[in-house]
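The structure file structure10.json is reproduced below (JSON, C-alpha atoms).
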[["chain", "number", "residue", "atom", "x", "y", "z"],
["L", 1, "MET", "CA", -56.17, 26.11, 36.58],
["L", 2, "ILE", "CA", -53.07, 24.24, 35.56],
["L", 3, "ASN", "CA", -51.74, 25.04, 32.12],
["L", 4, "PRO", "CA", -51.55, 21.73, 30.26],
["L", 5, "LYS", "CA", -48.58, 22.97, 28.22],
["L", 6, "LYS", "CA", -45.60, 20.67, 28.69],
["L", 7, "LEU", "CA", -42.44, 22.10, 30.23],
["L", 8, "SER", "CA", -39.26, 20.68, 28.71],
["L", 9, "PHE", "CA", -36.12, 19.98, 30.76],
["L", 10, "ALA", "CA", -34.25, 22.59, 28.74],
["L", 11, "GLN", "CA", -36.89, 25.21, 29.47],
["L", 12, "SER", "CA", -36.90, 24.43, 33.18],
["L", 13, "GLY", "CA", -33.11, 24.66, 33.50],
["L", 14, "PHE", "CA", -33.10, 21.16, 35.03],
["L", 15, "ARG", "CA", -29.92, 20.23, 36.88],
["L", 16, "PHE", "CA", -29.36, 16.75, 38.29],
["L", 17, "VAL", "CA", -26.71, 15.98, 40.87],
["L", 18, "ALA", "CA", -25.93, 12.35, 41.67],
["L", 19, "ALA", "CA", -23.79, 11.14, 44.55],
["L", 20, "VAL", "CA", -22.32, 7.76, 43.67],
["L", 21, "THR", "CA", -20.92, 5.74, 46.55],
["L", 22, "PHE", "CA", -18.02, 3.37, 45.97],
["L", 23, "ILE", "CA", -17.65, 0.83, 48.78],
["L", 24, "ILE", "CA", -14.34, -0.98, 49.04],
["L", 25, "SER", "CA", -14.49, -4.07, 51.20],
["L", 26, "GLY", "CA", -11.47, -4.44, 53.40],
["L", 27, "LEU", "CA", -10.21, -7.97, 52.92],
["L", 28, "GLN", "CA", -6.55, -7.27, 53.40],
["L", 29, "SER", "CA", -4.62, -6.76, 56.62],
["L", 30, "LEU", "CA", -4.03, -3.19, 55.47],
["L", 31, "ASP", "CA", -6.42, -1.11, 53.38],
["L", 32, "ALA", "CA", -6.02, 2.23, 51.63],
["L", 33, "GLN", "CA", -8.61, 4.04, 49.51],
["L", 34, "GLY", "CA", -9.29, 7.72, 49.03],
["L", 35, "ASP", "CA", -6.06, 8.50, 50.99],
["L", 36, "LEU", "CA", -7.37, 6.74, 54.14],
["L", 37, "LEU", "CA", -5.20, 4.02, 55.67],
["L", 38, "ILE", "CA", -6.81, 1.70, 58.26],
["L", 39, "THR", "CA", -5.07, -0.76, 60.55],
["L", 40, "PRO", "CA", -5.99, -3.43, 61.29],
["L", 41, "GLY", "CA", -8.05, -4.20, 58.20],
["L", 42, "ARG", "CA", -10.00, -6.91, 60.02],
["L", 43, "ILE", "CA", -11.26, -7.03, 63.62],
["L", 44, "VAL", "CA", -11.79, -10.30, 65.51],
["L", 45, "LEU", "CA", -12.94, -10.28, 69.14],
["L", 46, "GLN", "CA", -12.90, -13.65, 70.87],
["L", 47, "GLY", "CA", -11.79, -15.27, 74.10],
["L", 48, "SER", "CA", -10.54, -12.64, 76.53],
["L", 49, "LYS", "CA", -10.17, -9.99, 73.82],
["L", 50, "ARG", "CA", -12.95, -7.46, 74.38],
["L", 51, "SER", "CA", -11.61, -4.32, 72.72],
["L", 52, "VAL", "CA", -9.40, -3.14, 69.87],
["L", 53, "ASP", "CA", -8.04, 0.18, 68.59],
["L", 54, "MET", "CA", -8.33, 0.97, 64.89],
["L", 55, "ASN", "CA", -5.80, 3.48, 63.62],
["L", 56, "LEU", "CA", -6.89, 5.83, 60.82],
["L", 57, "ALA", "CA", -4.25, 7.77, 58.91],
["L", 58, "ASN", "CA", -4.62, 10.36, 56.18],
["L", 59, "THR", "CA", -1.94, 9.67, 53.58],
["L", 60, "GLY", "CA", -3.14, 12.38, 51.20],
["L", 61, "LYS", "CA", -2.27, 16.03, 50.70],
["L", 62, "ASP", "CA", -5.66, 17.46, 51.75],
["L", 63, "SER", "CA", -7.69, 17.25, 54.94],
["L", 64, "ALA", "CA", -10.55, 14.73, 54.87],
["L", 65, "THR", "CA", -13.62, 13.89, 56.95],
["L", 66, "TYR", "CA", -15.06, 10.41, 57.35],
["L", 67, "ALA", "CA", -18.34, 9.31, 58.93],
["L", 68, "ILE", "CA", -18.13, 5.94, 60.72],
["L", 69, "SER", "CA", -21.03, 3.51, 61.02],
["L", 70, "LEU", "CA", -21.80, -0.21, 61.08],
["L", 71, "VAL", "CA", -23.43, -1.90, 58.10],
["L", 72, "GLN", "CA", -24.48, -5.46, 57.31],
["L", 73, "MET", "CA", -23.16, -7.39, 54.32],
["L", 74, "ARG", "CA", -23.35, -10.81, 52.75],
["L", 75, "MET", "CA", -20.64, -12.52, 50.76],
["L", 76, "THR", "CA", -21.78, -14.12, 47.52],
["L", 77, "GLU", "CA", -20.46, -17.47, 46.35],
["L", 78, "ASP", "CA", -17.99, -15.76, 44.01],
["L", 79, "GLY", "CA", -16.61, -13.50, 46.78],
["L", 80, "ARG", "CA", -18.51, -10.26, 46.07],
["L", 81, "PHE", "CA", -20.22, -8.29, 48.84],
["L", 82, "GLU", "CA", -23.82, -7.09, 48.98],
["L", 83, "THR", "CA", -25.33, -4.72, 51.54],
["L", 84, "ILE", "CA", -28.31, -6.20, 53.41],
["L", 85, "THR", "CA", -30.63, -5.23, 56.27],
["L", 86, "GLU", "CA", -31.86, -8.66, 57.37],
["L", 87, "PRO", "CA", -29.54, -11.60, 58.11],
["L", 88, "ASP", "CA", -29.47, -14.61, 55.85],
["L", 89, "PRO", "CA", -30.32, -17.98, 57.41],
["L", 90, "ASP", "CA", -27.69, -18.84, 60.06],
["L", 91, "GLN", "CA", -26.09, -15.38, 59.77],
["L", 92, "MET", "CA", -25.80, -13.23, 62.92],
["L", 93, "PHE", "CA", -24.94, -9.53, 63.08],
["L", 94, "ALA", "CA", -22.40, -8.10, 65.54],
["L", 95, "SER", "CA", -23.56, -4.47, 65.48],
["L", 96, "ASP", "CA", -25.82, -4.75, 68.57],
["L", 97, "TYR", "CA", -22.86, -5.85, 70.67],
["L", 98, "LEU", "CA", -20.25, -3.31, 69.56],
["L", 99, "ARG", "CA", -19.57, 0.21, 70.83],
["L", 100, "PHE", "CA", -17.16, 2.57, 69.12],
["L", 101, "PHE", "CA", -15.97, 6.14, 69.46],
["L", 102, "PRO", "CA", -15.70, 8.61, 67.74],
["L", 103, "ARG", "CA", -18.44, 8.40, 65.09],
["L", 104, "SER", "CA", -16.62, 10.72, 62.69],
["L", 105, "VAL", "CA", -13.07, 11.93, 62.18],
["L", 106, "THR", "CA", -11.43, 14.84, 60.39],
["L", 107, "LEU", "CA", -7.80, 14.26, 59.52],
["L", 108, "ALA", "CA", -5.24, 16.76, 58.29],
["L", 109, "PRO", "CA", -2.55, 15.52, 55.88],
["L", 110, "SER", "CA", -0.30, 12.94, 57.60],
["L", 111, "GLU", "CA", -2.53, 13.04, 60.70],
["L", 112, "SER", "CA", -3.81, 9.89, 62.41],
["L", 113, "GLN", "CA", -6.47, 9.10, 64.97],
["L", 114, "THR", "CA", -7.61, 6.08, 66.95],
["L", 115, "VAL", "CA", -11.13, 4.67, 66.91],
["L", 116, "LYS", "CA", -11.84, 2.59, 70.02],
["L", 117, "VAL", "CA", -14.03, -0.48, 69.60],
["L", 118, "GLN", "CA", -15.48, -2.38, 72.58],
["L", 119, "LEU", "CA", -17.54, -5.54, 72.90],
["L", 120, "ASN", "CA", -20.44, -5.37, 75.36],
["L", 121, "ARG", "CA", -23.52, -7.35, 76.38],
["L", 122, "THR", "CA", -21.55, -10.58, 75.96],
["L", 123, "SER", "CA", -23.83, -12.40, 78.41],
["L", 124, "GLN", "CA", -26.56, -12.26, 75.74],
["L", 125, "LEU", "CA", -24.42, -13.97, 73.10],
["L", 126, "ALA", "CA", -25.00, -17.60, 72.23],
["L", 127, "PRO", "CA", -22.07, -19.63, 70.85],
["L", 128, "GLY", "CA", -21.25, -18.86, 67.22],
["L", 129, "GLU", "CA", -19.92, -16.07, 65.01],
["L", 130, "TYR", "CA", -21.38, -12.58, 64.71],
["L", 131, "ARG", "CA", -20.30, -10.26, 61.89],
["L", 132, "SER", "CA", -20.92, -6.66, 60.85],
["L", 133, "HIS", "CA", -18.75, -4.22, 58.91],
["L", 134, "PHE", "CA", -17.40, -0.83, 59.92],
["L", 135, "TYR", "CA", -18.12, 1.62, 57.12],
["L", 136, "PHE", "CA", -15.87, 4.66, 56.68],
["L", 137, "ARG", "CA", -17.66, 7.05, 54.32],
["L", 138, "ALA", "CA", -15.85, 10.07, 52.90],
["L", 139, "ILE", "CA", -17.76, 13.33, 53.40],
["L", 140, "PRO", "CA", -17.41, 15.57, 50.32],
["L", 141, "LYS", "CA", -16.13, 19.05, 50.98],
["L", 142, "PRO", "CA", -18.74, 21.81, 50.52],
["L", 143, "VAL", "CA", -18.26, 24.10, 47.55],
["L", 144, "ALA", "CA", -17.58, 27.68, 48.62],
["L", 145, "LEU", "CA", -20.14, 30.29, 47.55],
["L", 146, "GLY", "CA", -19.19, 32.08, 44.36],
["L", 147, "THR", "CA", -16.90, 29.30, 43.12],
["L", 148, "ALA", "CA", -19.50, 27.21, 41.30],
["L", 149, "GLU", "CA", -18.98, 26.89, 37.58],
["L", 150, "LYS", "CA", -21.42, 28.92, 35.46],
["L", 151, "ARG", "CA", -23.73, 26.71, 33.46],
["L", 152, "ASP", "CA", -26.15, 27.15, 30.62],
["L", 153, "THR", "CA", -29.56, 27.22, 32.31],
["L", 154, "ASN", "CA", -31.22, 26.17, 29.06],
["L", 155, "ALA", "CA", -29.60, 22.75, 29.04],
["L", 156, "ILE", "CA", -29.58, 19.63, 31.14],
["L", 157, "SER", "CA", -26.65, 19.54, 33.56],
["L", 158, "ILE", "CA", -25.57, 16.28, 35.20],
["L", 159, "VAL", "CA", -22.92, 16.26, 37.90],
["L", 160, "ILE", "CA", -21.57, 12.97, 39.25],
["L", 161, "LYS", "CA", -19.97, 13.25, 42.68],
["L", 162, "PRO", "CA", -18.18, 10.07, 43.76],
["L", 163, "VAL", "CA", -18.32, 9.26, 47.48],
["L", 164, "PHE", "CA", -15.66, 6.77, 48.55],
["L", 165, "GLY", "CA", -16.04, 4.36, 51.41],
["L", 166, "ILE", "CA", -14.17, 1.45, 52.97],
["L", 167, "THR", "CA", -15.65, -1.42, 54.93],
["L", 168, "VAL", "CA", -13.71, -3.36, 57.56],
["L", 169, "PRO", "CA", -15.20, -6.62, 58.88],
["L", 170, "ALA", "CA", -15.81, -6.79, 62.63],
["L", 171, "ILE", "CA", -16.21, -10.35, 63.89],
["L", 172, "VAL", "CA", -17.25, -11.59, 67.34],
["L", 173, "ARG", "CA", -16.66, -15.26, 68.11],
["L", 174, "ILE", "CA", -18.13, -17.15, 71.06],
["L", 175, "GLY", "CA", -17.02, -20.71, 71.77],
["L", 176, "GLU", "CA", -14.48, -23.08, 70.27],
["L", 177, "SER", "CA", -13.97, -23.43, 66.54],
["L", 178, "THR", "CA", -15.36, -26.44, 64.70],
["L", 179, "THR", "CA", -14.51, -25.01, 61.28],
["L", 180, "ARG", "CA", -12.98, -27.07, 58.50],
["L", 181, "VAL", "CA", -12.11, -26.11, 54.93],
["L", 182, "SER", "CA", -11.20, -28.09, 51.82],
["L", 183, "ILE", "CA", -10.33, -27.25, 48.20],
["L", 184, "THR", "CA", -12.09, -29.02, 45.33],
["L", 185, "ASP", "CA", -12.72, -28.51, 41.59],
["L", 186, "LEU", "CA", -9.10, -27.47, 41.05],
["L", 187, "ALA", "CA", -8.52, -26.72, 37.37],
["L", 188, "LEU", "CA", -6.06, -24.96, 35.09],
["L", 189, "THR", "CA", -7.42, -23.09, 32.07],
["L", 190, "THR", "CA", -6.23, -20.38, 29.69],
["L", 191, "LYS", "CA", -7.81, -16.94, 29.24],
["L", 192, "ASN", "CA", -6.41, -14.44, 26.73],
["L", 193, "ASP", "CA", -3.31, -16.62, 26.49],
["L", 194, "ASN", "CA", -2.78, -16.39, 30.29],
["L", 195, "PRO", "CA", -2.89, -19.40, 32.62],
["L", 196, "VAL", "CA", -5.75, -19.24, 35.14],
["L", 197, "CYS", "CA", -6.22, -21.48, 38.17],
["L", 198, "SER", "CA", -9.78, -21.98, 39.44],
["L", 199, "MET", "CA", -11.02, -23.77, 42.55],
["L", 200, "THR", "CA", -13.82, -24.09, 45.08],
["L", 201, "PHE", "CA", -13.37, -23.58, 48.83],
["L", 202, "ASN", "CA", -15.70, -25.68, 50.96],
["L", 203, "ARG", "CA", -16.31, -24.43, 54.52],
["L", 204, "SER", "CA", -18.07, -26.23, 57.35],
["L", 205, "GLY", "CA", -18.39, -25.48, 61.06],
["L", 206, "ASN", "CA", -19.25, -22.43, 63.15],
["L", 207, "PHE", "CA", -16.64, -19.80, 62.14],
["L", 208, "SER", "CA", -15.43, -18.02, 59.02],
["L", 209, "VAL", "CA", -12.07, -18.83, 57.43],
["L", 210, "TYR", "CA", -9.47, -16.19, 56.55],
["L", 211, "GLY", "CA", -6.03, -16.92, 55.17],
["L", 212, "ASP", "CA", -3.40, -16.70, 52.45],
["L", 213, "LEU", "CA", -3.43, -18.67, 49.22],
["L", 214, "ALA", "CA", -0.25, -19.78, 47.45],
["L", 215, "ILE", "CA", -0.02, -21.63, 44.13],
["L", 216, "PHE", "CA", 3.09, -23.54, 43.04],
["L", 217, "HIS", "CA", 4.15, -25.18, 39.80],
["L", 218, "ILE", "CA", 6.21, -28.31, 40.33],
["L", 219, "SER", "CA", 8.15, -29.44, 37.26],
["L", 220, "PRO", "CA", 8.61, -33.13, 36.39],
["L", 221, "ASP", "CA", 12.15, -32.94, 37.83],
["L", 222, "GLY", "CA", 10.87, -31.55, 41.14],
["L", 223, "LYS", "CA", 11.62, -27.83, 40.74],
["L", 224, "GLN", "CA", 9.04, -25.79, 42.66],
["L", 225, "THR", "CA", 8.10, -22.26, 41.51],
["L", 226, "LYS", "CA", 5.56, -19.98, 43.17],
["L", 227, "VAL", "CA", 3.27, -18.76, 40.39],
["L", 228, "GLY", "CA", 0.35, -17.21, 42.28],
["L", 229, "VAL", "CA", -0.43, -15.49, 45.60],
["L", 230, "ALA", "CA", -3.68, -14.16, 47.08],
["L", 231, "ASN", "CA", -3.44, -12.90, 50.64],
["L", 232, "GLY", "CA", -6.43, -12.12, 52.84],
["L", 233, "LEU", "CA", -8.83, -14.60, 51.24],
["L", 234, "ALA", "CA", -12.02, -15.12, 53.28],
["L", 235, "ILE", "CA", -15.00, -17.47, 53.29],
["L", 236, "TYR", "CA", -17.53, -15.90, 55.64],
["L", 237, "THR", "CA", -20.38, -17.56, 57.51],
["L", 238, "PRO", "CA", -22.92, -18.77, 56.69],
["L", 239, "ASN", "CA", -21.49, -19.56, 53.23],
["L", 240, "PRO", "CA", -20.60, -23.24, 52.73],
["L", 241, "LYS", "CA", -18.48, -22.51, 49.64],
["L", 242, "ARG", "CA", -16.68, -19.88, 47.61],
["L", 243, "THR", "CA", -15.43, -20.08, 44.04],
["L", 244, "PHE", "CA", -12.16, -18.40, 43.20],
["L", 245, "MET", "CA", -9.95, -17.77, 40.16],
["L", 246, "LEU", "CA", -6.40, -16.43, 39.98],
["L", 247, "ASN", "CA", -4.19, -15.50, 37.05],
["L", 248, "LEU", "CA", -0.85, -17.28, 37.22],
["L", 249, "SER", "CA", 2.51, -15.82, 36.30],
["L", 250, "LYS", "CA", 4.52, -17.06, 33.34],
["L", 251, "GLY", "CA", 7.74, -17.70, 35.19],
["L", 252, "GLU", "CA", 10.89, -18.57, 33.29],
["L", 253, "GLY", "CA", 11.14, -22.30, 32.86],
["L", 254, "VAL", "CA", 7.51, -22.92, 33.90],
["L", 255, "ASP", "CA", 5.74, -25.26, 31.47],
["L", 256, "TYR", "CA", 2.03, -25.45, 32.25],
["L", 257, "THR", "CA", 1.61, -28.51, 30.05],
["L", 258, "LYS", "CA", 3.74, -30.65, 32.36],
["L", 259, "GLY", "CA", 4.24, -31.26, 36.06],
["L", 260, "THR", "CA", 1.89, -30.46, 38.93],
["L", 261, "ILE", "CA", -0.04, -27.48, 40.29],
["L", 262, "ARG", "CA", -0.15, -27.39, 44.09],
["L", 263, "VAL", "CA", -2.43, -25.03, 46.02],
["L", 264, "THR", "CA", -2.04, -24.28, 49.73],
["L", 265, "PHE", "CA", -4.39, -22.25, 51.94],
["L", 266, "SER", "CA", -2.80, -21.25, 55.24],
["L", 267, "ALA", "CA", -3.32, -18.97, 58.23],
["L", 268, "PRO", "CA", -2.13, -15.38, 57.63],
["L", 269, "SER", "CA", 1.39, -14.52, 58.71],
["L", 270, "ASP", "CA", 0.27, -12.50, 61.77],
["L", 271, "VAL", "CA", -1.26, -15.52, 63.54],
["L", 272, "LYS", "CA", -0.10, -19.00, 64.51],
["L", 273, "ALA", "CA", 1.11, -20.96, 61.49],
["L", 274, "GLU", "CA", -1.49, -23.46, 60.30],
["L", 275, "ARG", "CA", -2.20, -25.17, 56.98],
["L", 276, "TYR", "CA", -5.96, -25.05, 56.38],
["L", 277, "ALA", "CA", -6.18, -26.97, 53.12],
["L", 278, "GLU", "CA", -4.10, -28.26, 50.21],
["L", 279, "ALA", "CA", -4.89, -29.64, 46.76],
["L", 280, "GLU", "CA", -2.99, -30.73, 43.64],
["L", 281, "ILE", "CA", -3.69, -31.25, 39.97],
["L", 282, "ASN", "CA", -1.52, -33.30, 37.61],
["L", 283, "LEU", "CA", -0.82, -31.49, 34.31],
["L", 284, "ASN", "CA", 0.64, -34.43, 32.40]]
Please express the file's structure as structure tokens.
Amino acid sequence: MINPKKLSFAQSGFRFVAAVTFIISGLQSLDAQGDLLITPGRIVLQGSKRSVDMNLANTGKDSATYAISLVQMRMTEDGRFETITEPDPDQMFASDYLRFFPRSVTLAPSESQTVKVQLNRTSQLAPGEYRSHFYFRAIPKPVALGTAEKRDTNAISIVIKPVFGITVPAIVRIGESTTRVSITDLALTTKNDNPVCSMTFNRSGNFSVYGDLAIFHISPDGKQTKVGVANGLAIYTPNPKRTFMLNLSKGEGVDYTKGTIRVTFSAPSDVKAERYAEAEINLN
């Protein structure tokens, strides 16, 4: 017969251990988190390109182990990422068509290793863009026996163990691009006495857009000053738009009550130069 007497957490010596995973989405050409450096920070396979080598480097002072897998993610309208299991309408995953090796790596300090990625089963791919994300999850080191901290068994003990991870987008493109992008809703506001530029990117066509944003202040006498930069900005399929805000610098001689704000969105520096979109707002 079960004793109906309640057992308190303190009496039971309850101990709760939580592993909290921090996922950093790799939107730059070079990503570092948890002492792991990955290049390139974005994989695109299209045309005759059927494989790529990712280089992993441990920039820390301790050895580290990372498990490698493929996960699915959506981009929200404000640029955040959410993990999903089923594709959104008009979204296609790349994971079924990618092979990679190894599936885990252990790196000593200053050591590097290559992960080989190959595209296969291309005959089954219809025209369009397929996207998944490589996920590099840090494996916590086991605690050696006898080194655990002594705890009061008559009290609740909560231990939070952060688990760091990085995601790198892997994109497969079949066919020719029909993608176009424009910038609308350009506005200049002030937040905490700092100038802030907001805008909306509008994407249409079959592929994602990835590029570098530059914001200039042009004075009434024509002097142009770069006041904002955001490299590695993406609008992923199937999203038709993305909102974006950027704090602007208070450069010497820049008067945000006069002149013009010009925004340019261009191809990143490692590909053929191309201006994707441009917009202006008159401050007078």
(Q) To one decimal place in Å, what is the distance between CA of Ser182 (chain L) and CA of Arg203 (chain L)? (A)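 The value is 6.8 Å.
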What are the nearest atom pairs, with distances in Å to one decimal, for all residues of region 97-210 of chain L that come at most 10 Å from region 233-247 of chain L, using only C-alpha atoms, set out by chain and rising residue number as a tab-separated table?
residue	atom	partner	partner_atom	distance
L:Gly128	CA	L:Thr237	CA	9.8
L:Glu129	CA	L:Thr237	CA	7.7
L:Tyr130	CA	L:Thr237	CA	8.8
L:Arg131	CA	L:Thr237	CA	8.5
L:Val181	CA	L:Lys241	CA	9.0
L:Ser182	CA	L:Lys241	CA	9.4
L:Ile183	CA	L:Lys241	CA	9.5
L:Thr184	CA	L:Thr243	CA	9.6
L:Asp185	CA	L:Thr243	CA	9.2
L:Leu186	CA	L:Met245	CA	9.8
L:Ala187	CA	L:Met245	CA	9.5
L:Leu188	CA	L:Met245	CA	9.6
L:Thr189	CA	L:Asn247	CA	9.6
L:Thr190	CA	L:Asn247	CA	9.1
L:Lys191	CA	L:Asn247	CA	8.7
L:Asn194	CA	L:Asn247	CA	7.0
L:Pro195	CA	L:Asn247	CA	6.0
L:Val196	CA	L:Asn247	CA	4.5
L:Cys197	CA	L:Leu246	CA	5.4
L:Ser198	CA	L:Met245	CA	4.3
L:Met199	CA	L:Phe244	CA	5.5
L:Thr200	CA	L:Thr243	CA	4.4
L:Phe201	CA	L:Arg242	CA	5.1
L:Asn202	CA	L:Lys241	CA	4.4
L:Arg203	CA	L:Pro240	CA	4.8
L:Ser204	CA	L:Pro240	CA	6.1
L:Gly205	CA	L:Thr237	CA	8.9
L:Asn206	CA	L:Thr237	CA	7.5
L:Phe207	CA	L:Thr237	CA	6.4
L:Ser208	CA	L:Tyr236	CA	4.5
L:Val209	CA	L:Ile235	CA	5.3
L:Tyr210	CA	L:Ala234	CA	4.3
**Q.** Neighbour residues at most 12 Å from (0.8, -21.5, 58.9) (all atoms listed in the file) as a list in words
**A.**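 Counting all atoms listed in the file, I find these residues within 12 Å of (0.8, -21.5, 58.9): Tyr210, Gly211, Asp212, Leu213, Ala214, Thr264, Phe265, Ser266, Ala267, Pro268, Ser269, Asp270, Val271, Lys272, Ala273, Glu274, Arg275, Tyr276 and Ala277 of chain L.
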**Q.** Among listed residues L:Gln72, L:Asn282, L:Thr179, L:Thr59, nearest Pro220 (chain L) (using only C-alpha atoms)
**A.** L:Asn282
Q) Distance CA of Val52 (chain L)-CA of Asp35 (chain L), one decimal place? A) 22.4 Å
Q: Using CA of Asp78 (chain L) and CA of Ile215 (chain L) as the two end points, give the distance in Å to one decimal.
A: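 Between CA of Asp78 (chain L) and CA of Ile215 (chain L) the gap works out to 18.9 Å.
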(Q) Set the distance at 6 Å and use only C-alpha atoms: which residues neighbour region 97-101 of chain L once local chain neighbours fewer than 2 positions away are removed? I'd like the list as a PyMOL selection string. (A) chain L and resi 94-95+103+115-121
**Q.** Residue among L:Gly79, L:Gly232, L:Gly259, L:Pro109 lying closest to Ile218 (chain L), counting all atoms listed in the file
**A.**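 Nearest candidate to Ile218 (chain L) out of L:Gly79, L:Gly232, L:Gly259, L:Pro109: L:Gly259.
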Q: Find the residue from L:His217, L:Lys258, L:Arg173, L:Arg180 that sits nearest to Gln46 (chain L); use only C-alpha atoms when measuring.
A: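 Smallest separation from Gln46 (chain L) among the options: L:Arg173.
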